Every structure is written in structure tokens, then in C-alpha cells.
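Undergrad: Dumping the structure here so I can ask a few things about it.
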Amino acid sequence: MNAIIFRLNRESLLFHEYDALLEKEWGNKERSDAFRDVPKPIALVKDNDLIGGLTFTRFKSPENIETALWVNTVLVKPGYRGHGYASRLINEAVSAAGEFGASSLFVYTEIPRLYTNLGWVVLSNDGAFSVLKTKLST
């Protein structure tokens with residue numbers, strides 16, 4: 001069975017399952033009340049199992065004094081990594097952000113190649129982390 005993408009309501013069971021997955025993987029828990037004025041979280045489900053997800057946040061733009069839309073978390077369960085699922089989530093995020101009316105989407109990541117392979121542009125790199133951007137068609 002192919003993996004299916006869902007855009008989640010913050011009250012949904014899948015959203016809370018993704019919250020628990022984040023806590024297990026990274027030791028922190030993203031709270032649903034932290035995601036105001038952003039597109040819905042995205043989940044990837046295969047064989048009725050949540051295998052990954054992506055959330056958004058708002059943070060200062062690296063280009064001006066405005067607040068911008070950022071990818072906040074991208075996580076794919078270890079057994080499903082290396083199969084293009086993170087790329088599917090990121091591509092869906094680009095679509096969702098464009099539909100939301102954003103003109104750009106940013107990310108702060110340790111894995112810039114994941115994004116540059118999808119056409120994102122590196123704005124800065126401090127050796128460990130990179131800030132990348134993609135322009136959106138609204």
C-alpha cells in the first residue's frame with residue numbers, strides 16, 4: 001500500500017500521535033497551541049500506521065524584520081527513512097504554504113541536502129545548521 005498524505009486538524013488523533021512521536025525521538029513535545037496562523041500539520045500514513053509528519057511555525061524572516069513561515073519539524077520513523085517520505089512531506093508543505101498565501105517558506109536544518117535536492121536555496125550555514133528558502137507560487 002502506498003503512503004497517504006493527510007493535512008491534520010490539531011485536535012485529531014494523528015496530530016497527537018505525531019506529538020508523541022516527536023517527544024519519543026527528540027525528547028521534546030511540540031504543543032498544538034504553538035501553531036497559530038500557520039497551515040495545518042501534515043501526516044504520512046502507510047498501512048494505517050503514522051510513519052511521519054511535518055509542522056509549521058512562524059519566526060523572524062532571515063531577510064527582513066517581518067515574521068515568516070518556517071518548517072518547524074519533519075520526522076519520519078527510522079524504519080521508513082531513505083525511501084523519499086521526507087521529500088514527500090516537504091513537497092506537500094510547499095503546496096500547503098502556497099495555498100495558505102505565503103510567498104516563501106524557510107527551514108533551519110542539519111540536513112540541507114534534503115532541501116537543496118528539492119530546489120531550495122541555502123541562505124546561510126554556520127557549519128552545523130543551514131537556513132534554506134523556497135519561493136512559493138501563490
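Residue names in the C-alpha cells use chain letters A, B, ... in the order shown, residue numbers from 1 in each chain, and ligand numbers from 1 in the order shown.
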With only C-alpha atoms as the counted atoms, please give the residues lying no more than 9 Å from Ala86 of chain A, apart from itself and same-chain residues fewer than 3 positions off, as an MDAnalysis selection string.
TA: chainID A and resid 52:54 74:76 81:83 89:91 114
Undergrad: Using N, CA and C atoms, can you export the residues from the last selection as a PDB file, in the first residue's frame?
TA:
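The file below, part32.pdb, is the result:
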ATOM      1  N   GLY A  52       5.265   9.373   9.611  1.00  0.00           N
ATOM      2  CA  GLY A  52       5.986  10.641   9.661  1.00  0.00           C
ATOM      3  C   GLY A  52       5.045  11.816   9.632  1.00  0.00           C
ATOM      4  N   GLY A  53       5.640  12.998   9.801  1.00  0.00           N
ATOM      5  CA  GLY A  53       4.831  14.205   9.789  1.00  0.00           C
ATOM      6  C   GLY A  53       5.682  15.446   9.654  1.00  0.00           C
ATOM      7  N   LEU A  54       4.993  16.570   9.529  1.00  0.00           N
ATOM      8  CA  LEU A  54       5.645  17.868   9.365  1.00  0.00           C
ATOM      9  C   LEU A  54       4.740  18.923   9.975  1.00  0.00           C
ATOM     10  N   VAL A  74      10.160  18.054  10.837  1.00  0.00           N
ATOM     11  CA  VAL A  74       9.958  16.995   9.840  1.00  0.00           C
ATOM     12  C   VAL A  74      10.523  15.739  10.485  1.00  0.00           C
ATOM     13  N   LEU A  75       9.708  14.715  10.581  1.00  0.00           N
ATOM     14  CA  LEU A  75      10.172  13.479  11.202  1.00  0.00           C
ATOM     15  C   LEU A  75       9.555  12.287  10.481  1.00  0.00           C
ATOM     16  N   VAL A  76      10.401  11.339  10.125  1.00  0.00           N
ATOM     17  CA  VAL A  76       9.972  10.061   9.561  1.00  0.00           C
ATOM     18  C   VAL A  76      10.518   8.977  10.487  1.00  0.00           C
ATOM     19  N   ARG A  81      12.908   5.580   6.823  1.00  0.00           N
ATOM     20  CA  ARG A  81      13.816   6.591   6.281  1.00  0.00           C
ATOM     21  C   ARG A  81      14.543   6.060   5.053  1.00  0.00           C
ATOM     22  N   GLY A  82      14.922   6.988   4.174  1.00  0.00           N
ATOM     23  CA  GLY A  82      15.655   6.616   2.969  1.00  0.00           C
ATOM     24  C   GLY A  82      14.774   6.164   1.814  1.00  0.00           C
ATOM     25  N   HIS A  83      13.469   6.382   1.935  1.00  0.00           N
ATOM     26  CA  HIS A  83      12.530   5.961   0.890  1.00  0.00           C
ATOM     27  C   HIS A  83      11.789   7.136   0.261  1.00  0.00           C
ATOM     28  N   LEU A  89       6.806  14.799   2.280  1.00  0.00           N
ATOM     29  CA  LEU A  89       6.274  15.721   3.285  1.00  0.00           C
ATOM     30  C   LEU A  89       6.657  17.163   2.965  1.00  0.00           C
ATOM     31  N   ILE A  90       7.903  17.374   2.581  1.00  0.00           N
ATOM     32  CA  ILE A  90       8.374  18.729   2.268  1.00  0.00           C
ATOM     33  C   ILE A  90       7.651  19.277   1.039  1.00  0.00           C
ATOM     34  N   ASN A  91       7.481  18.472   0.012  1.00  0.00           N
ATOM     35  CA  ASN A  91       6.748  18.924  -1.174  1.00  0.00           C
ATOM     36  C   ASN A  91       5.299  19.266  -0.836  1.00  0.00           C
ATOM     37  N   LEU A 114      18.718  17.475   1.768  1.00  0.00           N
ATOM     38  CA  LEU A 114      17.332  17.044   1.601  1.00  0.00           C
ATOM     39  C   LEU A 114      16.520  18.131   0.897  1.00  0.00           C
TER      40      LEU A 114
END
Undergrad: So that I can see what lies close to Glu92 of chain A, please list as a PDB file with N, CA and C atoms, in the first residue's frame the residues with an atom at most 10 Å from it, counting only C-alpha atoms and leaving out residues fewer than 2 positions away in the same chain.
TA:
ATOM      1  N   ILE A   5      -0.893  11.046   2.301  1.00  0.00           N
ATOM      2  CA  ILE A   5      -0.666  12.328   2.976  1.00  0.00           C
ATOM      3  C   ILE A   5      -1.994  12.852   3.517  1.00  0.00           C
ATOM      4  N   PHE A   6      -1.978  13.350   4.755  1.00  0.00           N
ATOM      5  CA  PHE A   6      -3.143  13.993   5.362  1.00  0.00           C
ATOM      6  C   PHE A   6      -2.728  15.350   5.905  1.00  0.00           C
ATOM      7  N   ARG A   7      -3.608  16.324   5.783  1.00  0.00           N
ATOM      8  CA  ARG A   7      -3.437  17.597   6.485  1.00  0.00           C
ATOM      9  C   ARG A   7      -4.340  17.522   7.708  1.00  0.00           C
ATOM     10  N   ILE A  42       0.994  18.168   8.707  1.00  0.00           N
ATOM     11  CA  ILE A  42       0.890  17.155   7.656  1.00  0.00           C
ATOM     12  C   ILE A  42       1.333  15.810   8.226  1.00  0.00           C
ATOM     13  N   ALA A  43       0.583  14.764   7.916  1.00  0.00           N
ATOM     14  CA  ALA A  43       0.935  13.414   8.365  1.00  0.00           C
ATOM     15  C   ALA A  43       1.059  12.498   7.159  1.00  0.00           C
ATOM     16  N   LEU A  54       4.993  16.570   9.529  1.00  0.00           N
ATOM     17  CA  LEU A  54       5.645  17.868   9.365  1.00  0.00           C
ATOM     18  C   LEU A  54       4.740  18.923   9.975  1.00  0.00           C
ATOM     19  N   ALA A  86      10.360  11.849   3.545  1.00  0.00           N
ATOM     20  CA  ALA A  86      10.606  13.229   3.992  1.00  0.00           C
ATOM     21  C   ALA A  86      10.434  14.194   2.822  1.00  0.00           C
ATOM     22  N   SER A  87      10.906  13.816   1.653  1.00  0.00           N
ATOM     23  CA  SER A  87      10.731  14.663   0.464  1.00  0.00           C
ATOM     24  C   SER A  87       9.255  14.848   0.131  1.00  0.00           C
ATOM     25  N   ARG A  88       8.475  13.795   0.266  1.00  0.00           N
ATOM     26  CA  ARG A  88       7.026  13.917   0.027  1.00  0.00           C
ATOM     27  C   ARG A  88       6.394  14.890   1.008  1.00  0.00           C
ATOM     28  N   LEU A  89       6.806  14.799   2.280  1.00  0.00           N
ATOM     29  CA  LEU A  89       6.274  15.721   3.285  1.00  0.00           C
ATOM     30  C   LEU A  89       6.657  17.163   2.965  1.00  0.00           C
ATOM     31  N   ILE A  90       7.903  17.374   2.581  1.00  0.00           N
ATOM     32  CA  ILE A  90       8.374  18.729   2.268  1.00  0.00           C
ATOM     33  C   ILE A  90       7.651  19.277   1.039  1.00  0.00           C
ATOM     34  N   VAL A  94       5.281  22.646   0.853  1.00  0.00           N
ATOM     35  CA  VAL A  94       5.394  23.742  -0.116  1.00  0.00           C
ATOM     36  C   VAL A  94       4.016  24.046  -0.711  1.00  0.00           C
ATOM     37  N   SER A  95       3.274  23.014  -1.072  1.00  0.00           N
ATOM     38  CA  SER A  95       1.915  23.210  -1.603  1.00  0.00           C
ATOM     39  C   SER A  95       1.006  23.857  -0.566  1.00  0.00           C
ATOM     40  N   ALA A  96       1.043  23.341   0.656  1.00  0.00           N
ATOM     41  CA  ALA A  96       0.185  23.868   1.719  1.00  0.00           C
ATOM     42  C   ALA A  96       0.517  25.324   2.030  1.00  0.00           C
ATOM     43  N   ALA A  97       1.798  25.652   2.077  1.00  0.00           N
ATOM     44  CA  ALA A  97       2.215  27.026   2.377  1.00  0.00           C
ATOM     45  C   ALA A  97       1.774  27.978   1.270  1.00  0.00           C
ATOM     46  N   GLY A  98       1.889  27.548   0.016  1.00  0.00           N
ATOM     47  CA  GLY A  98       1.425  28.368  -1.098  1.00  0.00           C
ATOM     48  C   GLY A  98      -0.073  28.599  -1.046  1.00  0.00           C
TER      49      GLY A  98
END
Undergrad: Ranking A:Thr67, A:Asn2, A:Asn72, A:Asn9 by minimum distance to Val107 of chain A and counting only C-alpha atoms, which one comes first?
TA: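 Counting only C-alpha atoms, the residue closest to Val107 of chain A is A:Asn72.
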Undergrad: Would you mind writing down, as a list in words, each residue of segment 55-136 of chain A that DSSP on the backbone assigns to alpha helix (DSSP H)?
TA: Tyr85, Ala86, Ser87, Arg88, Leu89, Ile90, Asn91, Glu92, Ala93, Val94, Ser95, Ala96, Ala97, Gly98, Glu99, Phe100, Pro112, Arg113, Leu114, Tyr115 and Thr116 of chain A
Undergrad: Hey, what's within 12 Å of segment 100-104 of chain A if we count only C-alpha atoms and toss same-chain stuff fewer than 4 positions away? As a list in words, please?
TA: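 Near neighbours after the sequence-gap exclusion: Asp37, Val38, Pro39, Lys40, Phe56, Arg58, Ser61, Pro62, Glu63, Glu66, Thr67, Ala68, Leu69, Trp70, Val71, Ala93, Val94, Ser95, Ala96, Trp120, Val121, Leu132, Lys133, Thr134, Lys135, Leu136, Ser137 and Thr138 of chain A.
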Undergrad: Kindly give the distance, in Å, that separates atom CA of Leu44 of chain A and atom CA of Glu110 of chain A, rounded to a single decimal.
TA: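 Calculated distance between atom CA of Leu44 of chain A and atom CA of Glu110 of chain A is 21.5 Å.
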Undergrad: So, with only C-alpha atoms as the atoms that count, which of A:Glu23, A:Ile4, A:Gly84, A:Phe15 lies closest to Asn48 of chain A?
TA: A:Ile4
Undergrad: I need the residues of chain A that end up classed as strand (DSSP E) by DSSP on the backbone, written out as a PyMOL selection string.
TA: chain A and resi 4-7+42-46+49-60+67-76+104-109+121-125+130-135
Undergrad: Those same residues - N, CA and C atoms - I'd like them written as a compact mmCIF listing (two decimals), in the first residue's frame.
TA:
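That gives us result.txt:
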# COMPACT_ATOMS: atom_id res chain seq x y z
N ILE A 4 -0.09 7.62 2.35
CA ILE A 4 -1.08 8.64 2.08
C ILE A 4 -0.78 9.87 2.92
N ILE A 5 -0.89 11.05 2.30
CA ILE A 5 -0.67 12.33 2.98
C ILE A 5 -1.99 12.85 3.52
N PHE A 6 -1.98 13.35 4.76
CA PHE A 6 -3.14 13.99 5.36
C PHE A 6 -2.73 15.35 5.90
N ARG A 7 -3.61 16.32 5.78
CA ARG A 7 -3.44 17.60 6.48
C ARG A 7 -4.34 17.52 7.71
N ILE A 42 0.99 18.17 8.71
CA ILE A 42 0.89 17.16 7.66
C ILE A 42 1.33 15.81 8.23
N ALA A 43 0.58 14.76 7.92
CA ALA A 43 0.93 13.41 8.37
C ALA A 43 1.06 12.50 7.16
N LEU A 44 1.91 11.51 7.29
CA LEU A 44 2.10 10.49 6.26
C LEU A 44 1.77 9.14 6.90
N VAL A 45 0.80 8.44 6.31
CA VAL A 45 0.30 7.19 6.88
C VAL A 45 0.46 6.08 5.85
N LYS A 46 0.96 4.94 6.31
CA LYS A 46 1.10 3.75 5.46
C LYS A 46 0.59 2.55 6.24
N ASP A 49 -0.55 3.09 9.70
CA ASP A 49 0.48 3.45 10.68
C ASP A 49 1.03 4.83 10.34
N LEU A 50 1.06 5.71 11.33
CA LEU A 50 1.69 7.01 11.14
C LEU A 50 3.19 6.79 10.97
N ILE A 51 3.73 7.16 9.82
CA ILE A 51 5.16 6.94 9.59
C ILE A 51 5.96 8.23 9.60
N GLY A 52 5.27 9.37 9.61
CA GLY A 52 5.99 10.64 9.66
C GLY A 52 5.04 11.82 9.63
N GLY A 53 5.64 13.00 9.80
CA GLY A 53 4.83 14.20 9.79
C GLY A 53 5.68 15.45 9.65
N LEU A 54 4.99 16.57 9.53
CA LEU A 54 5.64 17.87 9.37
C LEU A 54 4.74 18.92 9.98
N THR A 55 5.35 19.89 10.67
CA THR A 55 4.60 21.02 11.21
C THR A 55 5.27 22.32 10.79
N PHE A 56 4.51 23.39 10.92
CA PHE A 56 4.97 24.74 10.57
C PHE A 56 5.04 25.60 11.82
N THR A 57 5.76 26.71 11.71
CA THR A 57 5.77 27.72 12.75
C THR A 57 6.01 29.08 12.11
N ARG A 58 5.84 30.11 12.91
CA ARG A 58 6.18 31.47 12.47
C ARG A 58 7.39 31.92 13.27
N PHE A 59 8.33 32.57 12.56
CA PHE A 59 9.55 33.06 13.19
C PHE A 59 10.06 34.21 12.33
N LYS A 60 10.97 34.98 12.87
CA LYS A 60 11.52 36.12 12.14
C LYS A 60 12.15 35.67 10.82
N THR A 67 7.77 38.65 10.15
CA THR A 67 7.64 37.27 10.59
C THR A 67 7.36 36.42 9.36
N ALA A 68 7.99 35.27 9.28
CA ALA A 68 7.86 34.41 8.09
C ALA A 68 7.37 33.02 8.49
N LEU A 69 6.96 32.28 7.50
CA LEU A 69 6.52 30.90 7.69
C LEU A 69 7.72 29.96 7.55
N TRP A 70 7.88 29.07 8.51
CA TRP A 70 9.00 28.12 8.56
C TRP A 70 8.47 26.70 8.70
N VAL A 71 9.22 25.74 8.16
CA VAL A 71 9.02 24.33 8.52
C VAL A 71 9.56 24.20 9.93
N ASN A 72 8.75 23.68 10.84
CA ASN A 72 9.16 23.56 12.23
C ASN A 72 9.75 22.18 12.52
N THR A 73 9.03 21.14 12.16
CA THR A 73 9.51 19.78 12.38
C THR A 73 9.23 18.92 11.15
N VAL A 74 10.16 18.05 10.84
CA VAL A 74 9.96 17.00 9.84
C VAL A 74 10.52 15.74 10.49
N LEU A 75 9.71 14.71 10.58
CA LEU A 75 10.17 13.48 11.20
C LEU A 75 9.56 12.29 10.48
N VAL A 76 10.40 11.34 10.13
CA VAL A 76 9.97 10.06 9.56
C VAL A 76 10.52 8.98 10.49
N SER A 104 7.06 32.74 0.63
CA SER A 104 8.30 31.98 0.82
C SER A 104 8.12 31.03 1.99
N LEU A 105 8.95 30.00 2.02
CA LEU A 105 8.97 29.06 3.14
C LEU A 105 10.43 28.85 3.50
N PHE A 106 10.73 28.87 4.80
CA PHE A 106 12.10 28.74 5.29
C PHE A 106 12.23 27.48 6.14
N VAL A 107 13.47 27.03 6.31
CA VAL A 107 13.77 25.92 7.21
C VAL A 107 15.16 26.12 7.80
N TYR A 108 15.34 25.67 9.04
CA TYR A 108 16.62 25.66 9.74
C TYR A 108 16.92 24.19 9.98
N THR A 109 17.96 23.65 9.35
CA THR A 109 18.13 22.20 9.33
C THR A 109 19.58 21.76 9.38
N VAL A 121 17.08 26.93 -1.74
CA VAL A 121 18.33 27.68 -1.82
C VAL A 121 18.87 27.92 -0.42
N VAL A 122 20.18 27.67 -0.23
CA VAL A 122 20.83 27.91 1.06
C VAL A 122 21.05 29.41 1.23
N LEU A 123 20.56 29.97 2.34
CA LEU A 123 20.77 31.38 2.66
C LEU A 123 21.97 31.57 3.58
N SER A 124 22.17 30.62 4.50
CA SER A 124 23.31 30.70 5.42
C SER A 124 23.62 29.31 5.96
N ASN A 125 24.86 29.16 6.44
CA ASN A 125 25.31 27.90 7.01
C ASN A 125 26.33 28.23 8.08
N SER A 130 21.89 24.89 8.59
CA SER A 130 21.70 25.78 7.45
C SER A 130 20.30 26.36 7.47
N VAL A 131 20.18 27.58 6.97
CA VAL A 131 18.88 28.19 6.71
C VAL A 131 18.66 28.14 5.21
N LEU A 132 17.52 27.60 4.81
CA LEU A 132 17.19 27.50 3.39
C LEU A 132 15.83 28.13 3.14
N LYS A 133 15.61 28.43 1.87
CA LYS A 133 14.37 29.10 1.46
C LYS A 133 13.90 28.52 0.13
N THR A 134 12.59 28.48 -0.01
CA THR A 134 12.00 28.24 -1.32
C THR A 134 10.92 29.29 -1.55
N LYS A 135 10.88 29.81 -2.76
CA LYS A 135 9.83 30.76 -3.14
C LYS A 135 8.60 29.96 -3.54
